[in-house]
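Undergrad: My structure file model-v9.cif, mmCIF, C-alpha atoms, is below:
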data_model
#
loop_
_atom_site.label_atom_id
_atom_site.label_comp_id
_atom_site.auth_asym_id
_atom_site.auth_seq_id
_atom_site.Cartn_x
_atom_site.Cartn_y
_atom_site.Cartn_z
CA MET A 1 -0.03 -6.52 81.79
CA SER A 2 2.91 -8.42 80.33
CA ASN A 3 5.72 -9.43 82.64
CA PRO A 4 8.26 -7.02 81.10
CA ALA A 5 5.79 -4.16 81.50
CA PHE A 6 5.13 -5.12 85.11
CA THR A 7 8.85 -5.40 85.82
CA GLN A 8 9.34 -1.97 84.26
CA LEU A 9 6.60 -0.53 86.45
CA VAL A 10 8.17 -2.06 89.56
CA GLU A 11 11.60 -0.73 88.59
CA ALA A 12 10.24 2.79 88.10
CA GLN A 13 7.99 3.03 91.14
CA TYR A 14 9.06 0.73 93.94
CA ALA A 15 11.67 3.08 95.42
CA PRO A 16 9.42 6.20 95.60
CA LEU A 17 6.58 4.00 96.86
CA TYR A 18 8.86 2.62 99.54
CA ARG A 19 9.85 6.14 100.65
CA PHE A 20 6.18 7.11 100.80
CA ALA A 21 5.36 3.94 102.74
CA LEU A 22 8.26 4.46 105.14
CA SER A 23 7.06 7.94 105.97
CA LEU A 24 3.59 6.57 106.72
CA ALA A 25 4.39 3.29 108.44
CA ARG A 26 7.47 4.59 110.29
CA ASN A 27 9.34 1.32 110.04
CA SER A 28 11.03 -0.50 107.23
CA PRO A 29 9.37 -3.93 107.46
CA ASP A 30 5.85 -2.49 107.41
CA ALA A 31 6.83 -0.13 104.61
CA GLY A 32 8.18 -3.06 102.58
CA ASP A 33 4.97 -4.99 103.22
CA LEU A 34 2.86 -2.06 102.08
CA VAL A 35 4.81 -1.78 98.84
CA GLN A 36 4.58 -5.50 98.18
CA GLN A 37 0.87 -5.51 98.95
CA THR A 38 0.34 -2.58 96.58
CA PHE A 39 2.05 -4.31 93.68
CA PHE A 40 0.32 -7.55 94.55
CA ILE A 41 -3.05 -5.80 94.23
CA TRP A 42 -1.94 -4.29 90.94
CA ALA A 43 -0.93 -7.67 89.60
CA THR A 44 -3.96 -9.57 90.82
CA LYS A 45 -6.79 -7.10 90.57
CA GLY A 46 -7.90 -8.70 87.33
CA GLU A 47 -7.67 -6.37 84.39
CA SER A 48 -9.21 -3.38 86.08
CA LEU A 49 -6.70 -0.73 85.04
CA ARG A 50 -4.98 -0.85 81.69
CA ASP A 51 -4.26 2.84 81.40
CA THR A 52 -0.59 2.71 82.30
CA ALA A 53 -0.38 6.50 82.29
CA LYS A 54 -2.48 6.44 85.45
CA ALA A 55 -0.51 3.62 87.02
CA LYS A 56 1.64 5.86 89.19
CA SER A 57 -1.30 7.66 90.72
CA TRP A 58 -3.15 4.35 91.13
CA LEU A 59 -0.22 2.79 92.99
CA PHE A 60 0.14 5.69 95.42
CA THR A 61 -3.62 5.80 96.01
CA THR A 62 -3.72 2.06 96.63
CA LEU A 63 -0.78 2.14 99.01
CA TYR A 64 -2.35 5.00 100.93
CA ARG A 65 -5.70 3.18 101.11
CA GLU A 66 -3.98 0.03 102.33
CA PHE A 67 -2.25 2.06 104.99
CA LEU A 68 -5.46 3.76 106.09
CA ARG A 69 -7.47 0.60 106.12
CA GLY A 70 -8.41 -0.09 109.69
CA ARG A 71 -6.94 3.16 110.84
CA ARG A 72 -8.67 6.28 111.87
CA ARG A 73 -7.54 9.46 110.21
CA ASP A 74 -5.75 11.98 112.30
CA ALA A 75 -8.14 14.43 113.89
CA ARG A 76 -6.39 17.65 113.06
CA ALA A 77 -6.94 18.14 109.36
CA THR A 78 -8.60 21.17 107.89
CA SER A 79 -8.77 22.32 104.29
CA ILE A 80 -8.52 25.93 105.27
CA GLU A 81 -5.28 27.68 105.83
CA ASP A 82 -5.40 28.44 109.52
CA LEU A 83 -1.70 28.69 110.18
CA PRO A 84 -1.08 31.78 112.25
CA PRO A 85 0.76 34.42 110.20
CA GLY A 86 4.50 34.02 110.52
CA GLN A 87 4.54 30.24 110.71
CA GLN A 88 5.17 30.10 106.97
CA ASP A 89 8.38 32.07 107.42
CA ILE A 90 11.65 30.22 107.01
CA ALA A 91 14.85 31.39 108.64
CA ALA A 92 18.01 31.24 106.55
CA GLU A 93 19.67 28.86 108.98
CA GLU A 94 16.86 26.31 108.53
CA VAL A 95 18.16 25.39 105.06
CA ASP A 96 21.65 24.80 106.45
CA ARG A 97 20.18 22.81 109.31
CA VAL A 98 18.53 20.31 106.98
CA ALA A 99 21.64 20.13 104.81
CA ARG A 100 23.78 18.95 107.71
CA LEU A 101 21.30 16.30 108.87
CA ASP A 102 21.55 12.82 107.40
CA ALA A 103 18.74 11.26 105.36
CA ALA A 104 17.59 8.94 108.16
CA THR A 105 17.21 11.88 110.56
CA VAL A 106 15.22 13.85 108.02
CA MET A 107 12.98 10.80 107.53
CA THR A 108 12.54 10.54 111.31
CA ALA A 109 11.45 14.17 111.40
CA LEU A 110 9.06 13.57 108.52
CA GLN A 111 7.61 10.57 110.32
CA SER A 112 6.77 12.76 113.31
CA VAL A 113 4.51 15.01 111.24
CA ASP A 114 0.79 14.32 111.74
CA GLU A 115 -0.27 11.53 109.45
CA VAL A 116 -2.83 13.57 107.59
CA PHE A 117 -0.19 16.14 106.61
CA ARG A 118 2.58 13.58 106.15
CA ALA A 119 1.04 11.83 103.18
CA PRO A 120 0.78 14.89 100.88
CA LEU A 121 4.09 16.21 102.23
CA THR A 122 5.97 13.04 101.32
CA LEU A 123 4.39 12.91 97.87
CA PHE A 124 5.41 16.54 97.40
CA TYR A 125 9.02 15.82 98.38
CA LEU A 126 9.19 12.82 96.09
CA GLU A 127 8.97 15.60 93.49
CA ASP A 128 7.24 13.48 90.94
CA MET A 129 3.69 14.65 91.52
CA SER A 130 2.08 18.04 91.10
CA TYR A 131 -0.44 19.13 93.72
CA LEU A 132 -3.17 18.14 91.26
CA GLU A 133 -1.79 14.61 91.09
CA ILE A 134 -1.39 14.52 94.87
CA ALA A 135 -5.05 15.53 95.23
CA ASP A 136 -5.96 12.76 92.83
CA ALA A 137 -3.84 10.15 94.59
CA LEU A 138 -5.10 11.01 98.08
CA GLU A 139 -8.65 11.66 96.87
CA VAL A 140 -8.95 15.09 98.48
CA PRO A 141 -9.73 18.53 96.98
CA MET A 142 -6.83 20.64 95.65
CA GLY A 143 -7.31 23.28 98.31
CA THR A 144 -6.95 20.60 100.96
CA VAL A 145 -3.62 19.53 99.48
CA MET A 146 -2.30 23.08 99.60
CA SER A 147 -3.46 23.56 103.16
CA ARG A 148 -1.97 20.27 104.30
CA LEU A 149 1.32 21.07 102.58
CA SER A 150 1.42 24.42 104.29
CA ARG A 151 0.73 23.03 107.74
CA GLY A 152 2.81 19.92 107.17
CA LYS A 153 5.84 21.97 106.19
CA ALA A 154 5.50 24.06 109.35
CA GLN A 155 5.37 20.88 111.44
CA LEU A 156 8.33 19.41 109.57
CA ARG A 157 10.48 22.49 110.15
CA ALA A 158 9.71 22.28 113.86
CA ALA A 159 10.56 18.56 113.88
CA LEU A 160 13.83 19.17 112.02
CA GLU A 161 14.78 21.77 114.58
CA ARG A 162 14.10 19.27 117.37
CA GLU A 163 16.13 16.59 115.62
CA ASP A 164 18.98 19.00 115.07
CA ARG A 165 18.93 20.09 118.68
CA GLY A 166 18.84 16.45 119.75
CA ALA A 167 21.80 15.60 117.53
CA ALA A 168 23.79 18.50 118.92
CA THR A 169 23.28 17.40 122.50
CA LYS A 170 23.92 13.69 122.00
CA VAL A 171 26.46 12.41 124.49
CA VAL A 172 29.48 10.73 122.96
CA PRO A 173 30.98 8.06 125.23
CA PHE A 174 34.28 9.23 126.56
CA SER A 175 36.11 6.14 125.30
CA ALA A 176 34.69 6.51 121.80
CA ALA A 177 35.48 10.21 121.75
CA LYS A 178 39.05 9.62 122.73
CA GLY A 179 39.50 6.44 120.73
CA VAL A 180 40.37 4.62 123.93
CA LYS A 181 39.60 0.91 124.18
CA SER A 182 37.75 0.00 127.34
CA MET B 183 -3.93 38.49 96.42
CA ASN B 184 -1.88 39.40 99.47
CA ASN B 185 1.47 37.84 100.36
CA ASP B 186 -0.03 35.32 102.78
CA GLU B 187 -2.30 34.04 100.03
CA ALA B 188 0.61 33.95 97.59
CA LYS B 189 2.65 31.95 100.10
CA PHE B 190 -0.27 29.57 100.58
CA LEU B 191 -0.28 28.81 96.84
CA LEU B 192 3.50 28.75 96.42
CA THR B 193 3.85 26.20 99.20
CA ALA B 194 2.66 23.66 96.62
CA TYR B 195 5.17 24.92 94.01
CA ARG B 196 7.76 22.23 93.42
CA PRO B 197 11.48 23.01 93.24
CA GLY B 198 12.86 23.34 89.73
CA GLY B 199 10.08 25.48 88.29
CA ARG B 200 8.02 22.58 86.98
CA ASP B 201 4.76 24.22 88.02
CA ALA B 202 5.58 27.62 86.51
CA ASN B 203 2.84 27.30 83.89
CA ASP B 204 0.21 26.18 86.33
CA PRO B 205 -2.67 28.68 86.25
CA ALA B 206 -2.91 28.67 90.03
CA MET B 207 0.73 29.64 90.40
CA THR B 208 1.02 32.28 87.69
CA GLU B 209 -0.39 35.16 89.68
CA ALA B 210 1.49 34.21 92.85
CA LEU B 211 4.77 33.94 90.94
CA ALA B 212 4.20 37.30 89.28
CA GLN B 213 3.63 38.82 92.69
CA ALA B 214 6.85 37.28 93.97
CA ARG B 215 8.77 38.82 91.07
CA GLN B 216 7.48 42.26 92.06
CA ASP B 217 7.86 41.92 95.81
CA PRO B 218 11.46 41.40 97.01
CA ALA B 219 10.37 40.13 100.43
CA LEU B 220 8.07 37.53 98.91
CA GLN B 221 10.74 36.58 96.38
CA GLU B 222 13.26 36.11 99.17
CA TRP B 223 10.78 33.89 101.04
CA LEU B 224 10.15 31.83 97.89
CA THR B 225 13.88 31.38 97.22
CA ARG B 226 14.44 30.22 100.77
CA ALA B 227 11.38 27.95 100.75
CA GLN B 228 12.50 26.36 97.50
CA ALA B 229 16.01 25.84 98.82
CA HIS B 230 14.55 24.20 101.92
CA ASP B 231 12.26 22.00 99.80
CA ALA B 232 15.14 21.00 97.54
CA VAL B 233 17.33 19.94 100.45
CA VAL B 234 14.54 17.91 102.09
CA ALA B 235 13.67 16.29 98.75
CA GLY B 236 17.33 15.44 98.22
CA LYS B 237 17.57 13.79 101.64
CA LEU B 238 14.40 11.83 101.01
CA GLY B 239 15.82 10.65 97.70
CA GLU B 240 18.80 9.17 99.55
CA ILE B 241 16.54 6.67 101.33
CA THR B 242 17.00 3.32 99.65
CA PRO B 243 14.58 0.39 99.80
CA PRO B 244 15.86 -2.69 101.60
CA PRO B 245 17.75 -5.16 99.44
CA GLY B 246 15.51 -7.88 98.09
CA LEU B 247 12.31 -5.83 98.07
CA ARG B 248 12.25 -5.55 94.29
CA ASP B 249 12.70 -9.31 93.83
CA ALA B 250 10.11 -10.06 96.49
CA ILE B 251 7.58 -7.84 94.69
CA LEU B 252 8.16 -9.53 91.36
CA ALA B 253 8.04 -13.02 92.85
CA GLY B 254 4.90 -12.24 94.84
CA ALA B 255 3.12 -10.81 91.82
CA ARG B 256 3.98 -13.86 89.69
CA LEU B 257 2.59 -16.12 92.38
CA GLY B 258 -0.54 -14.01 92.69
CA SER B 259 -1.22 -13.89 88.98
CA ARG B 260 -1.20 -17.68 88.80
CA THR B 261 -3.82 -17.99 91.49
CA GLN B 262 -6.26 -15.48 90.01
CA ALA B 263 -8.94 -16.61 87.59
CA PRO B 264 -9.58 -14.18 84.75
CA ARG B 265 -12.73 -12.12 85.23
CA ARG B 266 -15.00 -10.44 82.78
CA ARG B 267 -15.15 -6.73 83.42
CA ALA B 268 -18.23 -4.53 83.48
CA TRP B 269 -18.46 -2.15 80.51
CA TRP B 270 -17.67 0.85 82.65
CA ARG B 271 -14.43 -0.72 83.79
CA GLN B 272 -13.21 -1.27 80.23
CA PRO B 273 -10.01 0.66 79.54
CA VAL B 274 -11.60 3.05 77.08
CA TRP B 275 -14.20 4.17 79.64
CA LEU B 276 -11.63 4.38 82.39
CA ALA B 277 -9.40 6.50 80.19
CA ALA B 278 -12.33 8.73 79.22
CA ALA B 279 -13.35 9.14 82.88
CA ALA B 280 -9.77 9.90 83.89
CA ALA B 281 -9.44 12.47 81.11
CA LEU B 282 -12.71 14.09 82.10
CA ALA B 283 -11.69 14.18 85.76
CA LEU B 284 -8.40 15.83 84.82
CA LEU B 285 -10.14 18.38 82.61
CA LEU B 286 -12.57 19.18 85.41
CA SER B 287 -9.84 19.54 88.00
CA VAL B 288 -7.60 21.67 85.78
CA GLY B 289 -10.61 23.69 84.68
CA ALA B 290 -11.46 24.46 88.26
CA TRP B 291 -8.34 26.59 88.62
CA LYS B 292 -9.26 28.65 85.59
CA LEU B 293 -12.41 29.70 87.40
CA ARG B 294 -10.54 32.22 89.52
CA PRO B 295 -12.14 33.48 91.64
CA ALA B 296 -14.46 30.56 92.41
CA LYS B 297 -17.64 30.70 90.40
CA GLY B 298 -20.94 28.91 90.27
CA THR B 299 -24.30 29.39 88.66
CA THR B 300 -25.91 28.71 92.02
CA LEU B 301 -24.84 29.55 95.54
CA ASP B 302 -24.43 25.82 96.24
CA GLU B 303 -22.11 25.34 93.29
CA PHE B 304 -20.13 28.45 94.19
CA ALA B 305 -19.78 27.24 97.79
CA VAL B 306 -18.47 23.83 96.75
CA ASN B 307 -15.97 25.41 94.32
CA TYR B 308 -14.86 27.88 96.96
CA VAL B 309 -14.08 25.16 99.49
CA ALA B 310 -12.49 22.86 96.90
CA ARG B 311 -10.07 25.62 95.86
CA GLY B 312 -9.02 26.34 99.44
CA PHE B 313 -9.26 29.70 101.18
CA MET B 314 -8.01 31.69 104.11
CA LEU B 315 -9.84 32.70 107.24
CA GLU B 316 -10.03 36.37 108.18
CA LYS B 317 -10.98 35.78 111.80
CA ARG B 318 -9.82 32.75 113.74
CA GLY B 319 -11.27 31.38 116.94
CA ALA B 320 -13.46 28.71 118.48
CA ASP B 321 -15.96 31.11 120.10
CA VAL B 322 -18.89 31.13 117.67
CA ALA B 323 -20.53 34.12 119.40
CA ALA B 324 -17.33 36.12 118.87
CA LEU B 325 -17.24 35.03 115.23
CA LYS B 326 -20.84 36.20 114.76
CA SER B 327 -20.01 39.57 116.32
CA TRP B 328 -17.07 39.97 114.00
CA LEU B 329 -19.21 39.14 110.96
CA GLN B 330 -21.78 41.69 112.09
CA GLU B 331 -19.08 44.33 112.39
CA GLN B 332 -18.01 43.58 108.82
CA GLY B 333 -21.58 44.01 107.59
CA GLY B 334 -21.90 40.35 106.59
CA PRO B 335 -25.02 38.26 107.11
CA VAL B 336 -25.12 36.65 110.53
CA PRO B 337 -26.51 33.15 111.06
CA ILE B 338 -29.60 33.30 113.26
CA SER B 339 -29.58 29.73 114.44
CA LEU B 340 -27.60 26.74 113.31
CA PRO B 341 -28.81 23.16 113.78
CA ALA B 342 -28.48 22.11 117.42
CA ARG B 343 -25.79 19.52 116.77
CA PHE B 344 -23.45 22.22 115.53
CA ALA B 345 -22.78 22.78 119.23
CA GLU B 346 -20.76 19.54 119.09
CA LEU B 347 -18.37 21.06 116.53
CA ARG B 348 -15.29 23.12 117.22
CA GLY B 349 -15.33 26.59 115.70
CA LEU B 350 -12.33 27.36 113.50
CA GLY B 351 -13.04 30.87 112.25
CA CYS B 352 -14.88 32.88 109.68
CA ARG B 353 -14.56 35.31 106.80
CA THR B 354 -16.66 37.43 104.50
CA LEU B 355 -16.77 37.13 100.72
CA GLN B 356 -18.88 38.14 97.78
CA TYR B 357 -21.08 36.15 95.44
CA GLN B 358 -22.88 37.87 92.56
CA GLY B 359 -22.00 41.19 94.18
CA LYS B 360 -23.70 40.28 97.47
CA ASP B 361 -22.09 39.85 100.88
CA ILE B 362 -21.75 36.28 102.07
CA SER B 363 -20.49 35.11 105.46
CA LEU B 364 -18.58 31.91 105.91
CA VAL B 365 -18.29 30.22 109.30
CA CYS B 366 -16.08 27.15 109.62
CA PHE B 367 -16.20 24.27 112.07
CA GLU B 368 -14.27 21.06 112.58
CA ARG B 369 -14.80 17.69 114.19
CA GLU B 370 -12.51 14.67 114.11
CA GLY B 371 -10.59 15.94 111.13
CA ARG B 372 -13.67 16.75 109.09
CA GLU B 373 -14.54 20.30 108.16
CA PHE B 374 -17.93 21.95 108.04
CA HIS B 375 -18.12 25.27 106.18
CA VAL B 376 -21.38 27.21 106.45
CA PHE B 377 -22.06 29.88 103.82
CA VAL B 378 -24.68 32.40 104.93
CA ALA B 379 -26.54 34.60 102.43
CA ARG B 380 -29.35 37.09 103.14
CA ARG B 381 -32.64 35.96 101.65
CA GLU B 382 -33.38 39.52 100.46
CA ASP B 383 -30.19 39.42 98.36
CA PHE B 384 -31.31 36.27 96.54
CA PRO B 385 -35.08 36.62 96.14
CA ASP B 386 -35.22 34.09 93.31
CA ARG B 387 -33.60 31.32 95.29
CA PRO B 388 -36.22 28.82 96.46
CA LEU B 389 -36.67 28.40 100.20
CA GLU B 390 -35.29 25.16 101.55
CA VAL B 391 -37.21 24.39 104.68
CA ALA B 392 -35.79 20.88 105.05
CA PRO B 393 -32.06 20.52 104.36
CA ARG B 394 -31.32 19.29 100.85
CA LEU B 395 -28.13 17.20 100.54
CA ARG B 396 -25.98 16.27 97.59
CA GLY B 397 -22.43 15.09 96.92
CA ALA B 398 -20.15 17.13 94.67
CA ASN B 399 -16.44 17.26 93.94
CA ARG B 400 -15.56 14.89 96.83
CA LEU B 401 -17.55 17.12 99.15
CA VAL B 402 -21.06 17.06 100.54
CA ALA B 403 -23.29 20.11 100.23
CA ALA B 404 -26.48 20.75 102.16
CA ALA B 405 -28.79 23.75 101.76
CA TRP B 406 -31.54 25.14 103.94
CA SER B 407 -33.19 28.44 104.80
CA ASP B 408 -34.60 30.19 107.86
CA THR B 409 -36.60 33.36 108.26
CA ARG B 410 -33.69 35.62 107.35
CA ASN B 411 -30.98 33.66 105.55
CA HIS B 412 -30.13 30.95 103.08
CA TYR B 413 -27.45 28.50 104.25
CA VAL B 414 -25.17 26.19 102.32
CA LEU B 415 -23.04 23.74 104.28
CA VAL B 416 -20.05 22.21 102.50
CA SER B 417 -18.16 19.40 104.18
CA ASP B 418 -15.65 16.66 103.51
CA ALA B 419 -17.50 14.41 105.95
CA THR B 420 -19.59 11.55 104.62
CA LEU B 421 -23.18 12.07 103.52
CA PRO B 422 -24.59 10.11 106.51
CA ASP B 423 -22.43 12.13 108.92
CA VAL B 424 -23.64 15.41 107.45
CA ARG B 425 -27.22 14.18 107.54
CA LYS B 426 -26.84 13.33 111.24
CA LEU B 427 -25.61 16.85 111.94
CA LEU B 428 -28.63 18.59 110.39
#
Is it possible to express this structure as C-alpha cells?
TA:
Amino acid sequence: MSNPAFTQLVEAQYAPLYRFALSLARNSPDAGDLVQQTFFIWATKGESLRDTAKAKSWLFTTLYREFLRGRRRDARATSIEDLPPGQQDIAAEEVDRVARLDAATVMTALQSVDEVFRAPLTLFYLEDMSYLEIADALEVPMGTVMSRLSRGKAQLRAALEREDRGAATKVVPFSAAKGVKS
Amino acid sequence: MNNDEAKFLLTAYRPGGRDANDPAMTEALAQARQDPALQEWLTRAQAHDAVVAGKLGEITPPPGLRDAILAGARLGSRTQAPRRRAWWRQPVWLAAAAALALLLSVGAWKLRPAKGTTLDEFAVNYVARGFMLEKRGADVAALKSWLQEQGGPVPISLPARFAELRGLGCRTLQYQGKDISLVCFEREGREFHVFVARREDFPDRPLEVAPRLRGANRLVAAAWSDTRNHYVLVSDATLPDVRKLL
C-alpha cells in the first residue's frame, strides 16, 4: 500500500479502533499500544491483503485477536438468548440517565461489561458496522452477535445505573463546595 | 415471531435506520409498526443506543497516537523483506473468497426459517442464526421431563462427559414436519447444542454408531445414533474439544 493510502487508512480508522481498544483494554496506554500494533501488522504483514474494502473489518479483527492473544475468553458466553424476559425492557429514565453522564463515565460502564459481550457491543456503538460485519470481524456466527448484543446491553444498562448512582452519592469536599480556600 | 423474538433481532438494529432493508430485520420492524408496545420499546431502545453511541464518539485518542502509528509503520516497512505470496493469498482470490463469504452469510438470513437438506445442515444453520430457549434451567432431568410433556423426542443417554457440562435449557422445533428436541449445555464459554430426532421419523437417515464430526460455518457438528434417536451436536468449541466430549 502506498504511503498516502496508508495515511488515509490511519486517518479514517485510528479513532474508532482506539475506542474499541479502550473498551477492551480498559486503559489508555494499552489501548494505544493495541492500535499501534494493529497498524504495524497491517503495514508489515507483507502484501497479504490488498482488498482495501475489507481493511476496516481486517483491522478490527486483528486488534481483537491481538487483545485475546494470551488471554482466556470470558466463561459466560452463549449464542442463545437466555436473558430472562423483562431484562430487555428499558425504562424511560434510562435514556436521560445516560444523557447526563459524561463520556468517560459511559466508557467506564462499558468497560465493566463482560469481555465477551463488550467486544460486539463496542463495535455496535461505533455505529459503523452492521451485525454481519461484527460477526465477520469477531469471527462468530450472526446469532451469537445478536445474543451477545442483547446480553451486553442488559449488562451495560445495569452498569450505567451503578455509575449514575455512584456519581449522585459522591462526596464533595466542604471547602470545594463552598469555594473556601483551606 | 413473538415480541421477545422481535426484540432479540431488533437489539442488533443500529440507530438511524441503516439496517431497515436487512432481511432479518424486515419482519421484526413490520411487527413493531403494528404493535404499539413493541414500537415504544424500539423507540426507547434506539434513543438509548443513540445516546450511548454519541458518548462513545466523544472519546478522543491521546495526542500523538496518529503520528506514532505512521512513524512505527514506516519503520516496520523498512525492516520487512518482500515475500512472494501463495496463489490463494493473491488479491483476486482473497476478494473472491470474501465475496463468497459475504454471499453465504447474507444468504443464510434468506433461509428463514433455518433450512437444510440434512438434519446436520439444518442444525448448524439453526444454531448459526441464533434462537430462543423455551425452557431454561440447569437440571437436565427436568429439561427431559419438559420435553416429554411437549411430545418431543427425549434423549435416552448422552455421552458420559456431558455430565461435566452445565445445562442451559431446551426447546422443541420442527424439521421436515417432524418434532425435534434441542437441549443446550455450556462449559467455559462454549456452547453445546444437542438436536434429538426420533429414528422412526427419519428412516432413511443412516445410523451413526460412532460419532461423525465435521466443521461447518465456524461451528463443529457431530452426529450419532442410539437405539431410539438420532443426535446432532453443534458447538462453537474446537474440534478436539468436541471429540474429547464424545
Undergrad: How would you write, as a PDB file with C-alpha atoms, in the frame of the given file, the residues chosen by the PyMOL selection byres ((chain A and resi 158) around 12) on this structure?
TA:
ATOM      1  CA  GLN A  87       4.540  30.240 110.710  1.00  0.00           C
ATOM      2  CA  GLN A  88       5.170  30.100 106.970  1.00  0.00           C
ATOM      3  CA  ASP A  89       8.380  32.070 107.420  1.00  0.00           C
ATOM      4  CA  ILE A  90      11.650  30.220 107.010  1.00  0.00           C
ATOM      5  CA  ALA A  91      14.850  31.390 108.640  1.00  0.00           C
ATOM      6  CA  GLU A  94      16.860  26.310 108.530  1.00  0.00           C
ATOM      7  CA  ARG A  97      20.180  22.810 109.310  1.00  0.00           C
ATOM      8  CA  VAL A  98      18.530  20.310 106.980  1.00  0.00           C
ATOM      9  CA  VAL A 106      15.220  13.850 108.020  1.00  0.00           C
ATOM     10  CA  ALA A 109      11.450  14.170 111.400  1.00  0.00           C
ATOM     11  CA  LEU A 110       9.060  13.570 108.520  1.00  0.00           C
ATOM     12  CA  SER A 112       6.770  12.760 113.310  1.00  0.00           C
ATOM     13  CA  VAL A 113       4.510  15.010 111.240  1.00  0.00           C
ATOM     14  CA  ARG A 151       0.730  23.030 107.740  1.00  0.00           C
ATOM     15  CA  GLY A 152       2.810  19.920 107.170  1.00  0.00           C
ATOM     16  CA  LYS A 153       5.840  21.970 106.190  1.00  0.00           C
ATOM     17  CA  ALA A 154       5.500  24.060 109.350  1.00  0.00           C
ATOM     18  CA  GLN A 155       5.370  20.880 111.440  1.00  0.00           C
ATOM     19  CA  LEU A 156       8.330  19.410 109.570  1.00  0.00           C
ATOM     20  CA  ARG A 157      10.480  22.490 110.150  1.00  0.00           C
ATOM     21  CA  ALA A 159      10.560  18.560 113.880  1.00  0.00           C
ATOM     22  CA  LEU A 160      13.830  19.170 112.020  1.00  0.00           C
ATOM     23  CA  GLU A 161      14.780  21.770 114.580  1.00  0.00           C
ATOM     24  CA  ARG A 162      14.100  19.270 117.370  1.00  0.00           C
ATOM     25  CA  GLU A 163      16.130  16.590 115.620  1.00  0.00           C
ATOM     26  CA  ASP A 164      18.980  19.000 115.070  1.00  0.00           C
ATOM     27  CA  ARG A 165      18.930  20.090 118.680  1.00  0.00           C
TER      28      ARG A 165
END
Undergrad: The PyMOL selection byres ((chain B and resi 317-329) around 7) - which residues does that actually catch in the file I just gave you? List them as a list in words.
TA: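 Output from the PyMOL selection byres ((chain B and resi 317-329) around 7), applied to this file: Leu315, Glu316, Gln330, Glu331, Gln332, Gly333, Gly334, Val336, Arg348, Gly349, Leu350, Gly351, Cys352, Arg353 and Ser363 of chain B.
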Undergrad: Would you mind reading off the distance between atom CA of B:Leu364 and atom CA of B:Tyr195, one decimal, in Å?
TA: 27.5 Å
Undergrad: Name the closest residue to B:Lys297 among the candidates B:Glu240, B:Gln356, B:Lys426, B:Ala342; distances are taken between atoms, counting all atoms listed in the file.
TA: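 Closest to B:Lys297 of all the choices is B:Gln356.
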Undergrad: To one decimal place, how far is atom CA of B:Phe377 from atom CA of B:Ala305 in Å?
TA: 7.0 Å
Undergrad: May I ask for the distance between atom CA of A:Ile41 and atom CA of A:Thr62, given in Å to one decimal place?
TA: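 That distance, rounded to one decimal, is 8.2 Å.
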Undergrad: Which residue gives the smallest distance to chain A among B:Asp408, B:Asp361, B:Asp186, B:Glu303, with only C-alpha atoms counted?
TA: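 Between B:Asp408, B:Asp361, B:Asp186, B:Glu303, the residue approaching chain A most closely is B:Asp186.
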Undergrad: Between B:Leu340, B:Met183, B:Met207, B:Leu389, which residue has the minimum interatomic distance to B:Leu427, considering all atoms listed in the file?
TA: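 The answer is B:Leu340, which sits nearest to B:Leu427.
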